[in-house]
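As provided, upload22.cif (mmCIF, C-alpha atoms) reads as follows.
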```cif
data_protein
#
loop_
_atom_site.label_atom_id
_atom_site.label_comp_id
_atom_site.auth_asym_id
_atom_site.auth_seq_id
_atom_site.Cartn_x
_atom_site.Cartn_y
_atom_site.Cartn_z
CA MET A 1 -95.22 -27.55 14.24
CA THR A 2 -94.07 -27.71 10.63
CA ASP A 3 -91.32 -30.33 10.57
CA ASP A 4 -87.98 -28.76 9.71
CA THR A 5 -86.92 -31.49 7.32
CA SER A 6 -84.67 -29.04 5.47
CA GLY A 7 -82.43 -28.43 8.49
CA THR A 8 -83.03 -24.69 8.14
CA LEU A 9 -83.42 -24.09 11.87
CA ASP A 10 -80.18 -25.85 12.81
CA GLU A 11 -78.34 -24.01 10.03
CA ALA A 12 -79.68 -20.68 11.26
CA LEU A 13 -78.77 -21.37 14.88
CA GLU A 14 -75.23 -22.39 13.91
CA ARG A 15 -74.96 -19.18 11.93
CA LEU A 16 -76.06 -17.16 14.95
CA HIS A 17 -73.95 -18.71 17.68
CA ALA A 18 -70.89 -16.65 16.80
CA SER A 19 -72.96 -13.60 17.76
CA GLY A 20 -73.46 -12.21 21.21
CA PRO A 21 -76.83 -11.98 22.94
CA GLU A 22 -76.90 -8.19 22.74
CA ARG A 23 -75.79 -5.18 20.76
CA LEU A 24 -74.92 -1.65 21.85
CA GLY A 25 -74.49 -2.88 25.39
CA TRP A 26 -78.11 -3.78 26.17
CA LEU A 27 -80.35 -4.32 23.11
CA SER A 28 -81.26 -7.99 22.79
CA ASN A 29 -80.42 -10.22 19.85
CA HIS A 30 -83.86 -11.45 18.79
CA ALA A 31 -82.71 -13.53 15.84
CA PRO A 32 -82.69 -17.01 17.48
CA MET A 33 -86.23 -16.48 18.73
CA ALA A 34 -87.56 -15.09 15.46
CA VAL A 35 -86.06 -17.78 13.23
CA GLU A 36 -87.45 -20.53 15.47
CA ALA A 37 -90.92 -19.01 15.13
CA LEU A 38 -90.55 -18.60 11.36
CA VAL A 39 -89.59 -22.24 10.89
CA ARG A 40 -92.30 -23.49 13.23
CA HIS A 41 -95.01 -21.72 11.30
CA GLY A 42 -93.99 -22.85 7.86
CA GLN A 43 -91.87 -19.86 6.86
CA GLY A 44 -88.53 -21.68 6.77
CA ARG A 45 -87.87 -20.51 3.22
CA THR A 46 -87.73 -16.92 4.50
CA VAL A 47 -85.26 -17.53 7.34
CA HIS A 48 -81.91 -16.86 5.68
CA ARG A 49 -83.25 -13.82 3.85
CA TRP A 50 -84.59 -12.55 7.19
CA LEU A 51 -81.18 -13.11 8.78
CA ASP A 52 -79.45 -11.25 5.95
CA ARG A 53 -81.60 -8.20 6.76
CA TYR A 54 -81.02 -8.59 10.51
CA ARG A 55 -77.25 -9.07 10.40
CA HIS A 56 -76.48 -5.37 10.95
CA GLN A 57 -78.05 -5.81 14.40
CA LEU A 58 -75.66 -8.59 15.36
CA GLU A 59 -72.41 -8.13 17.23
CA GLU A 60 -69.67 -10.64 17.90
CA MET A 61 -69.66 -12.47 21.20
CA PRO A 62 -67.88 -10.33 23.83
CA ARG A 63 -64.46 -11.36 25.10
CA PRO A 64 -64.40 -13.90 27.93
CA HIS A 65 -63.96 -12.48 31.41
CA ALA A 66 -63.26 -15.46 33.68
CA ARG A 67 -64.18 -19.13 33.90
CA ILE A 68 -67.43 -19.93 35.73
CA THR A 69 -67.49 -23.05 37.90
CA GLU A 70 -69.75 -24.74 40.42
CA GLU A 71 -67.76 -22.98 43.12
CA ASN A 72 -68.05 -19.39 41.85
CA TRP A 73 -71.30 -19.20 39.85
CA HIS A 74 -73.10 -17.33 42.62
CA GLU A 75 -70.82 -14.33 42.26
CA ALA A 76 -71.15 -14.39 38.45
CA LEU A 77 -74.95 -14.42 38.49
CA GLY A 78 -76.35 -11.16 37.17
CA ASP A 79 -72.94 -9.87 36.04
CA PRO A 80 -73.18 -8.66 32.40
CA ARG A 81 -69.40 -8.77 32.12
CA ARG A 82 -69.88 -12.56 32.02
CA LEU A 83 -72.05 -12.62 28.87
CA ALA A 84 -69.44 -14.75 27.09
CA ASP A 85 -68.54 -16.89 30.12
CA TRP A 86 -71.99 -18.20 30.94
CA PRO A 87 -72.72 -19.92 27.59
CA VAL A 88 -69.39 -21.75 27.88
CA TYR A 89 -70.36 -22.92 31.36
CA PHE A 90 -73.72 -24.21 30.14
CA GLU A 91 -72.15 -25.88 27.11
CA ARG A 92 -70.00 -27.90 29.51
CA GLU A 93 -73.01 -28.74 31.66
CA LEU A 94 -75.11 -29.82 28.68
CA ALA A 95 -72.30 -31.96 27.30
CA ALA A 96 -72.10 -33.79 30.62
CA ARG A 97 -75.78 -34.26 31.47
CA PRO A 98 -79.16 -34.48 29.73
CA TRP A 99 -80.57 -31.05 28.98
CA ARG A 100 -83.69 -31.61 31.08
CA ASP A 101 -81.51 -32.31 34.12
CA VAL A 102 -79.54 -29.10 33.62
CA LEU A 103 -82.75 -27.15 33.14
CA ALA A 104 -84.28 -28.60 36.30
CA VAL A 105 -81.28 -27.42 38.34
CA TRP A 106 -81.04 -23.96 36.84
CA TRP A 107 -84.66 -23.01 36.28
CA PRO A 108 -85.40 -22.31 39.98
CA ARG A 109 -82.08 -20.50 40.33
CA LEU A 110 -82.92 -18.19 37.43
CA LEU A 111 -86.66 -17.63 38.02
CA PRO A 112 -86.21 -14.80 40.55
CA GLY A 113 -84.44 -12.80 37.83
CA ILE A 114 -87.10 -13.37 35.18
CA ALA A 115 -87.42 -9.65 34.38
CA GLY A 116 -83.69 -9.29 33.68
CA GLY A 117 -82.81 -8.27 30.14
CA ALA A 118 -86.37 -6.97 29.69
CA THR A 119 -87.55 -10.62 29.89
CA HIS A 120 -85.75 -11.48 26.63
CA PRO A 121 -83.58 -14.20 28.23
CA VAL A 122 -86.52 -16.25 29.51
CA ILE A 123 -88.26 -15.81 26.16
CA ARG A 124 -85.17 -17.11 24.40
CA VAL A 125 -85.09 -20.08 26.77
CA GLY A 126 -88.73 -20.79 25.93
CA HIS A 127 -87.97 -20.92 22.21
CA ALA A 128 -84.89 -23.09 22.81
CA VAL A 129 -86.78 -25.60 24.94
CA ARG A 130 -89.56 -25.79 22.37
CA THR A 131 -87.03 -26.82 19.73
CA LEU A 132 -85.56 -29.47 22.03
CA LEU A 133 -88.97 -30.91 22.84
CA ASP A 134 -89.43 -31.34 19.08
CA ASP A 135 -85.85 -32.50 18.43
CA PRO A 136 -85.80 -35.59 16.19
CA ASP A 137 -82.57 -36.68 17.92
CA PRO A 138 -83.29 -36.07 21.62
CA GLY A 139 -80.33 -38.16 22.77
CA ALA A 140 -77.74 -35.92 21.15
CA THR A 141 -75.83 -33.55 23.42
CA THR A 142 -73.97 -31.36 20.93
CA THR A 143 -76.63 -30.20 18.47
CA PRO A 144 -77.26 -26.58 17.52
CA ARG A 145 -80.43 -26.83 19.60
CA THR A 146 -78.62 -27.75 22.79
CA ALA A 147 -76.07 -25.04 21.99
CA GLU A 148 -78.97 -22.61 21.70
CA LEU A 149 -80.19 -23.63 25.15
CA ALA A 150 -76.68 -22.98 26.49
CA HIS A 151 -76.70 -19.49 24.94
CA ALA A 152 -80.21 -18.76 26.21
CA LEU A 153 -79.53 -19.91 29.77
CA GLY A 154 -76.22 -18.09 29.71
CA TYR A 155 -77.89 -14.86 28.65
CA TRP A 156 -80.41 -15.20 31.48
CA ALA A 157 -77.70 -15.90 34.04
CA ALA A 158 -75.67 -12.87 32.97
CA ARG A 159 -78.69 -10.54 32.97
CA HIS A 160 -80.37 -12.07 36.03
CA ALA A 161 -82.02 -9.16 37.88
CA PRO A 162 -84.67 -9.64 40.60
CA LEU A 163 -87.49 -7.13 40.87
CA PRO A 164 -87.47 -4.73 43.84
CA PRO A 165 -89.33 -5.82 46.99
CA LEU A 166 -93.05 -5.52 46.27
CA ARG A 167 -96.10 -5.17 48.49
CA GLN A 168 -99.09 -7.37 47.74
CA ARG A 169 -102.41 -5.64 47.15
CA PRO A 170 -105.73 -7.51 47.12
CA GLY A 171 -106.43 -9.22 43.83
CA PRO A 172 -109.61 -8.94 41.78
CA ALA A 173 -112.78 -10.42 43.22
CA SER A 174 -113.29 -12.46 40.06
CA GLY A 175 -109.90 -14.15 40.39
CA SER A 176 -109.42 -13.94 36.60
CA ALA A 177 -106.10 -13.15 34.96
CA ALA A 178 -107.72 -10.49 32.77
CA ASP A 179 -109.06 -8.65 35.80
CA ALA A 180 -105.74 -9.04 37.59
CA LEU A 181 -103.91 -7.35 34.71
CA THR A 182 -106.53 -4.59 34.73
CA ALA A 183 -105.84 -4.13 38.45
CA VAL A 184 -102.11 -3.58 37.84
CA GLU A 185 -101.55 0.13 38.40
CA PRO A 186 -99.22 1.86 35.93
CA ILE A 187 -96.25 3.45 37.65
CA ALA A 188 -96.53 7.22 37.94
CA ASP A 189 -93.32 7.92 36.01
CA GLN A 190 -93.15 5.90 32.81
CA SER A 191 -90.00 7.53 31.53
CA GLY A 192 -86.57 6.08 30.84
CA GLY A 193 -85.50 2.57 29.98
CA ILE A 194 -86.99 -0.58 31.41
CA ARG A 195 -84.38 -0.92 34.15
CA GLU A 196 -85.19 2.56 35.47
CA ARG A 197 -88.90 1.85 35.24
CA LEU A 198 -88.75 -1.52 36.99
CA ALA A 199 -86.90 0.08 39.90
CA ARG A 200 -90.01 2.23 40.52
CA LEU A 201 -92.35 -0.72 41.08
CA THR A 202 -93.84 -0.86 44.57
CA ALA A 203 -96.82 -3.26 44.60
CA PHE A 204 -98.77 -5.83 42.57
CA PRO A 205 -102.24 -7.29 42.97
CA THR A 206 -102.22 -10.79 44.41
CA TRP A 207 -102.76 -13.34 41.65
CA PRO A 208 -103.59 -16.14 41.26
CA PRO A 209 -106.08 -16.28 44.14
CA THR A 210 -105.32 -18.53 47.05
CA PRO A 211 -107.89 -21.10 48.17
CA THR A 212 -108.87 -18.65 50.94
CA ASP A 213 -109.51 -15.91 48.40
CA ASP A 214 -111.54 -18.18 46.13
CA PRO A 215 -112.83 -21.42 47.70
CA THR A 216 -113.88 -22.74 44.29
CA THR A 217 -110.32 -22.69 42.99
CA ALA A 218 -107.91 -25.56 43.47
CA PRO A 219 -104.63 -24.70 45.22
CA THR A 220 -102.11 -23.26 42.80
CA ASP A 221 -99.45 -25.61 44.09
CA HIS A 222 -101.35 -28.33 42.22
CA PRO A 223 -99.45 -28.69 38.93
CA GLU A 224 -102.49 -28.92 36.65
CA GLU A 225 -104.03 -25.83 38.23
CA ALA A 226 -100.76 -23.93 37.81
CA HIS A 227 -100.67 -24.93 34.14
CA ARG A 228 -104.28 -23.84 33.63
CA ARG A 229 -103.70 -20.51 35.32
CA LEU A 230 -100.58 -19.87 33.29
CA ALA A 231 -102.42 -20.55 30.03
CA GLU A 232 -105.15 -18.18 31.25
CA LEU A 233 -102.53 -15.49 31.89
CA VAL A 234 -101.03 -15.85 28.41
CA ARG A 235 -104.47 -15.55 26.84
CA ALA A 236 -105.38 -12.52 28.94
CA ALA A 237 -102.10 -10.73 28.20
CA THR A 238 -102.44 -11.42 24.48
CA HIS A 239 -105.99 -10.08 24.46
CA ARG A 240 -104.91 -7.06 26.46
CA TYR A 241 -102.30 -6.23 23.82
CA ALA A 242 -105.18 -5.64 21.39
CA THR A 243 -106.69 -3.01 23.69
CA HIS A 244 -103.60 -1.55 25.38
CA GLY A 245 -100.64 -2.29 23.09
CA HIS A 246 -100.73 1.27 21.79
CA GLY A 247 -99.12 2.36 25.06
CA GLU A 248 -95.78 1.00 23.85
CA PRO A 249 -96.26 -1.40 20.93
CA ILE A 250 -92.84 -3.06 21.13
CA MET A 251 -92.29 -3.40 24.87
CA LEU A 252 -95.84 -4.50 25.72
CA VAL A 253 -95.34 -7.53 23.48
CA HIS A 254 -93.34 -9.02 26.35
CA ALA A 255 -96.27 -8.95 28.77
CA ALA A 256 -97.62 -11.87 26.70
CA THR A 257 -94.49 -13.49 25.29
CA ALA A 258 -92.67 -13.80 28.64
CA PRO A 259 -95.39 -15.85 30.39
CA ASN A 260 -95.85 -17.85 27.21
CA ALA A 261 -92.15 -18.74 27.29
CA VAL A 262 -92.66 -20.12 30.79
CA LEU A 263 -95.71 -22.06 29.63
CA ARG A 264 -93.63 -23.64 26.85
CA VAL A 265 -91.01 -24.78 29.32
CA LEU A 266 -93.39 -26.45 31.80
CA PRO A 267 -93.52 -29.84 30.01
CA ALA A 268 -89.74 -30.14 30.37
CA LEU A 269 -89.74 -29.34 34.09
CA PRO A 270 -90.38 -31.42 37.19
CA ARG A 271 -93.99 -30.80 38.19
CA GLU A 272 -93.03 -29.34 41.55
CA LEU A 273 -91.58 -26.36 39.65
CA TRP A 274 -94.83 -25.52 37.87
CA ALA A 275 -96.37 -23.42 40.67
CA PRO A 276 -93.29 -21.23 41.25
CA SER A 277 -93.06 -20.85 37.48
CA LEU A 278 -96.61 -19.47 37.44
CA ASP A 279 -95.72 -16.97 40.17
CA ALA A 280 -92.66 -15.77 38.26
CA ALA A 281 -94.61 -15.50 35.00
CA TRP A 282 -97.23 -13.36 36.72
CA ALA A 283 -94.49 -11.11 38.13
CA ALA A 284 -92.96 -10.65 34.67
CA SER A 285 -96.25 -9.92 32.93
CA ALA A 286 -97.45 -7.58 35.67
CA ALA A 287 -94.12 -5.75 35.72
CA VAL A 288 -94.13 -5.06 31.98
CA THR A 289 -97.78 -4.00 32.22
CA ALA A 290 -97.10 -1.60 35.08
CA VAL A 291 -94.16 0.14 33.47
CA TYR A 292 -95.50 0.50 29.90
CA ALA A 293 -99.28 0.12 29.73
CA PRO A 294 -101.47 3.18 29.11
CA ARG A 295 -104.12 4.04 31.67
CA GLU A 296 -106.94 3.84 29.15
CA PRO A 297 -107.75 1.20 26.52
CA LEU A 298 -108.47 2.00 22.91
CA PRO A 299 -112.01 3.28 22.33
CA ALA A 300 -114.34 0.48 21.29
CA ASP A 301 -114.63 1.80 17.74
CA ARG A 302 -110.86 1.60 17.30
CA LEU A 303 -110.38 -1.95 18.53
CA PRO A 304 -108.76 -4.25 15.97
CA SER A 305 -110.89 -6.98 14.46
CA VAL A 306 -110.41 -10.03 12.28
CA ALA A 307 -112.63 -9.63 9.26
CA GLY A 308 -113.47 -12.23 6.65
CA GLY A 309 -112.51 -15.25 8.73
CA VAL A 310 -108.76 -14.81 8.30
CA MET A 311 -106.91 -18.03 9.15
CA PRO A 312 -104.06 -18.27 11.69
CA GLU A 313 -101.50 -19.28 9.05
CA GLU A 314 -102.43 -16.20 7.03
CA VAL A 315 -101.93 -14.00 10.07
CA PHE A 316 -98.47 -15.45 10.61
CA ALA A 317 -97.63 -15.03 6.91
CA ARG A 318 -98.46 -11.35 7.31
CA ALA A 319 -96.15 -11.12 10.32
CA ALA A 320 -93.35 -12.85 8.42
CA ALA A 321 -93.77 -10.43 5.52
CA HIS A 322 -93.83 -7.52 7.98
CA GLY A 323 -90.44 -8.71 9.21
CA ASP A 324 -90.15 -7.06 12.62
CA GLU A 325 -89.01 -9.52 15.25
CA HIS A 326 -91.48 -8.29 17.88
CA ALA A 327 -94.43 -8.61 15.51
CA ILE A 328 -93.26 -12.12 14.64
CA LYS A 329 -92.95 -13.15 18.29
CA LEU A 330 -96.29 -11.65 19.37
CA THR A 331 -97.96 -13.40 16.44
CA ASP A 332 -96.26 -16.66 17.42
CA THR A 333 -97.78 -16.35 20.91
CA ALA A 334 -101.15 -15.28 19.50
CA LEU A 335 -101.26 -18.44 17.39
CA ASP A 336 -100.64 -20.52 20.51
CA VAL A 337 -103.63 -18.79 22.11
CA ALA A 338 -105.76 -18.93 18.96
CA GLN A 339 -105.78 -22.71 18.78
CA GLY A 340 -109.19 -22.30 20.48
CA PRO A 341 -109.93 -20.62 17.96
CA ASP A 342 -109.64 -17.11 19.34
CA ALA A 343 -110.37 -14.12 17.10
CA MET A 344 -109.18 -11.61 19.72
CA ALA A 345 -105.73 -13.21 19.80
CA LEU A 346 -105.47 -12.98 16.02
CA ALA A 347 -106.64 -9.37 16.20
CA ALA A 348 -103.84 -8.64 18.66
CA ALA A 349 -101.31 -10.07 16.21
CA LEU A 350 -102.64 -7.98 13.34
CA HIS A 351 -102.63 -4.94 15.63
CA ALA A 352 -98.94 -5.50 16.37
CA CYS A 353 -98.19 -5.56 12.65
CA ALA A 354 -100.14 -2.33 12.22
CA MET A 355 -98.49 -0.45 15.10
CA ILE A 356 -94.86 -1.61 14.75
CA ASP A 357 -92.85 -0.30 11.81
CA PRO A 358 -92.22 -3.02 9.21
CA VAL A 359 -88.73 -4.09 8.23
CA LEU A 360 -88.09 -2.93 4.68
#
```

Could you render the structure as structure tokens?
Amino acid sequence: MTDDTSGTLDEALERLHASGPERLGWLSNHAPMAVEALVRHGQGRTVHRWLDRYRHQLEEMPRPHARITEENWHEALGDPRRLADWPVYFERELAARPWRDVLAVWWPRLLPGIAGGATHPVIRVGHAVRTLLDDPDPGATTTPRTAELAHALGYWAARHAPLPPLRQRPGPASGSAADALTAVEPIADQSGGIRERLARLTAFPTWPPTPTDDPTTAPTDHPEEAHRRLAELVRAATHRYATHGHGEPIMLVHAATAPNAVLRVLPALPRELWAPSLDAAWAASAAVTAVYAPREPLPADRLPSVAGGVMPEEVFARAAAHGDEHAIKLTDTALDVAQGPDAMALAAALHACAMIDPVL
């Protein structure tokens, strides 16, 4: 990470916290996620100019509905009327207890609704936790970064929406994440918004393999194995964007960024939560794949490539100049994957910039 010695990130988050998490009733506010990525990758000087261009997509926080407490939170979970109430609840919780303790309580409560809000809430939580893990003042309880976690968790709680009951089909013989994503069958009717599409899901391939399926694989309830599998899923989904992102260039970004958000949160969680986090990340990635992915990949001669040994920081600079929040976030995830290095991940990022309209 590029150290934010200028305070740009905290300034940007403070500027954004008067805004609600959505606009027009359901479109997500991507600004907190995008500015965190811009600062992290050395583009802090562009943040306020980026926000000036984005401000027409911001709406004020909705009016409060009713106070949320430990006694009534169950009935408020998944209620979008409570978009303003939930951040207030989490602000109180984070003022009273260390943020890791609050996260440990609420992460398993929220995981079943990981696909809610088109996976944007969990992605926002992933960005917020990453800032807190890097916070130069980790003992503080009232910083813009802890406030951002309150907003992110609150958004997830308000938009919490479990997937429909799903049958399990046999997973790929190889046990790989790439083959598992290939085995995800697109839904027959890929029309309408994501909520209508998700309601049509019926079955997923089983992944990751159980020890019975693959005797050479350690049990996925082992934390290190869960972490390895999750990193494998993020890599596979990022690579798949290069070959299948043309199906829906904006929405298919989330097949990679949602599991990567979960991967970013793992270091802040108790290790017993790592395996269920992997399962939820797979559900999110598979769901987005099923409802948006095309049935056929790009022909081999149309696959994106990275020519001339382009460096990761140059790829991110291109995404920053492009300006679209989805291109920025996909590139942010691709750079996580490309630490290998990984030319296919960088190609996916450049492909996103080519397919998604730039912000002028």

Report task. Taking the file as shown, find all residues satisfying the PyMOL selection byres ((chain A and resi 118-130) around 6) and write them as an MDAnalysis selection string. Result -> chainID A and resid 33 114:117 131:133 149 152 155:156 258 261 264:265

Requested in this report: Report as number ranges by chain the full result of the PyMOL selection byres ((chain A and resi 99-101) around 9) when it is applied to this structure.
Outcome: A: 93-95, 97-98, 102-106, 132, 141, 146, 149, 268-269

**Report entry** Test item: the PyMOL selection byres ((chain A and resi 57-70) around 8) resolved as a ChimeraX atom specification
**Finding:** /A:18-23,29,54-56,71-73,76,81-86,89

Query raised in the report: By how many Å are atom CA of A:Leu346 and atom CA of A:Ala287 apart?
Result: 23.9 Å

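Going from atom CA of A:Trp26 over to atom CA of A:Leu360, you cover 23.7 Å.
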
Query raised in the report: Could you pull the residues within 12 Å of A:Ser277, counting only C-alpha atoms, minus those fewer than 3 positions along the same chain, as an MDAnalysis selection string?
Result: chainID A and resid 104 107:114 122 220:221 223 226:227 229:231 258:267 269:274 280:284

Restricting the output to C-alpha atoms, write the selected residues as a tab-separated table (two decimals), keeping the file's coordinate frame.
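Result went into again34.tsv, see below:
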```
chain	number	residue	atom	x	y	z
A	104	ALA	CA	-84.28	-28.60	36.30
A	107	TRP	CA	-84.66	-23.01	36.28
A	108	PRO	CA	-85.40	-22.31	39.98
A	109	ARG	CA	-82.08	-20.50	40.33
A	110	LEU	CA	-82.92	-18.19	37.43
A	111	LEU	CA	-86.66	-17.63	38.02
A	112	PRO	CA	-86.21	-14.80	40.55
A	113	GLY	CA	-84.44	-12.80	37.83
A	114	ILE	CA	-87.10	-13.37	35.18
A	122	VAL	CA	-86.52	-16.25	29.51
A	220	THR	CA	-102.11	-23.26	42.80
A	221	ASP	CA	-99.45	-25.61	44.09
A	223	PRO	CA	-99.45	-28.69	38.93
A	226	ALA	CA	-100.76	-23.93	37.81
A	227	HIS	CA	-100.67	-24.93	34.14
A	229	ARG	CA	-103.70	-20.51	35.32
A	230	LEU	CA	-100.58	-19.87	33.29
A	231	ALA	CA	-102.42	-20.55	30.03
A	258	ALA	CA	-92.67	-13.80	28.64
A	259	PRO	CA	-95.39	-15.85	30.39
A	260	ASN	CA	-95.85	-17.85	27.21
A	261	ALA	CA	-92.15	-18.74	27.29
A	262	VAL	CA	-92.66	-20.12	30.79
A	263	LEU	CA	-95.71	-22.06	29.63
A	264	ARG	CA	-93.63	-23.64	26.85
A	265	VAL	CA	-91.01	-24.78	29.32
A	266	LEU	CA	-93.39	-26.45	31.80
A	267	PRO	CA	-93.52	-29.84	30.01
A	269	LEU	CA	-89.74	-29.34	34.09
A	270	PRO	CA	-90.38	-31.42	37.19
A	271	ARG	CA	-93.99	-30.80	38.19
A	272	GLU	CA	-93.03	-29.34	41.55
A	273	LEU	CA	-91.58	-26.36	39.65
A	274	TRP	CA	-94.83	-25.52	37.87
A	280	ALA	CA	-92.66	-15.77	38.26
A	281	ALA	CA	-94.61	-15.50	35.00
A	282	TRP	CA	-97.23	-13.36	36.72
A	283	ALA	CA	-94.49	-11.11	38.13
A	284	ALA	CA	-92.96	-10.65	34.67
```

Requested in this report: Using all atoms listed in the file, give me every residue within 10 Å of (-96.9, -4.2, 13.8) in file coordinates, as a VMD selection string.
Outcome: chain A and resid 249 to 250 318 to 319 322 to 328 330 to 331 348 to 359

Query raised in the report: How would you write as a PyMOL selection string the residues that get within 9 Å of (-104.4, -12.2, 39.7) in the file's frame, counting only C-alpha atoms?
Result: chain A and resi 170-172+174-181+183+204-209+233+282

Query raised in the report: Between A:Ala320, A:Val47, A:Leu198, A:Val315, which is the closest to A:Ser285 once you count only C-alpha atoms?
Result: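 Going through A:Ala320, A:Val47, A:Leu198, A:Val315 one by one, the smallest distance to A:Ser285 is for A:Leu198.
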
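Atom pair atom CA of A:Ala300 / atom CA of A:Asp342: separated by 18.3 Å.
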
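With only C-alpha atoms as the atoms that count, the residue of A:His254, A:Arg169, A:His244, A:Arg145 with the shortest distance to A:Glu296 is A:His244.
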
Query - Surrounding residues of stretch 11-13 of chain A excluding itself and chain neighbours under 4 positions, 10 Å, only C-alpha atoms, as a PyMOL selection string - result: chain A and resi 6-7+17-18+31-33+35-36+44+47-48+51+143-145+147-148
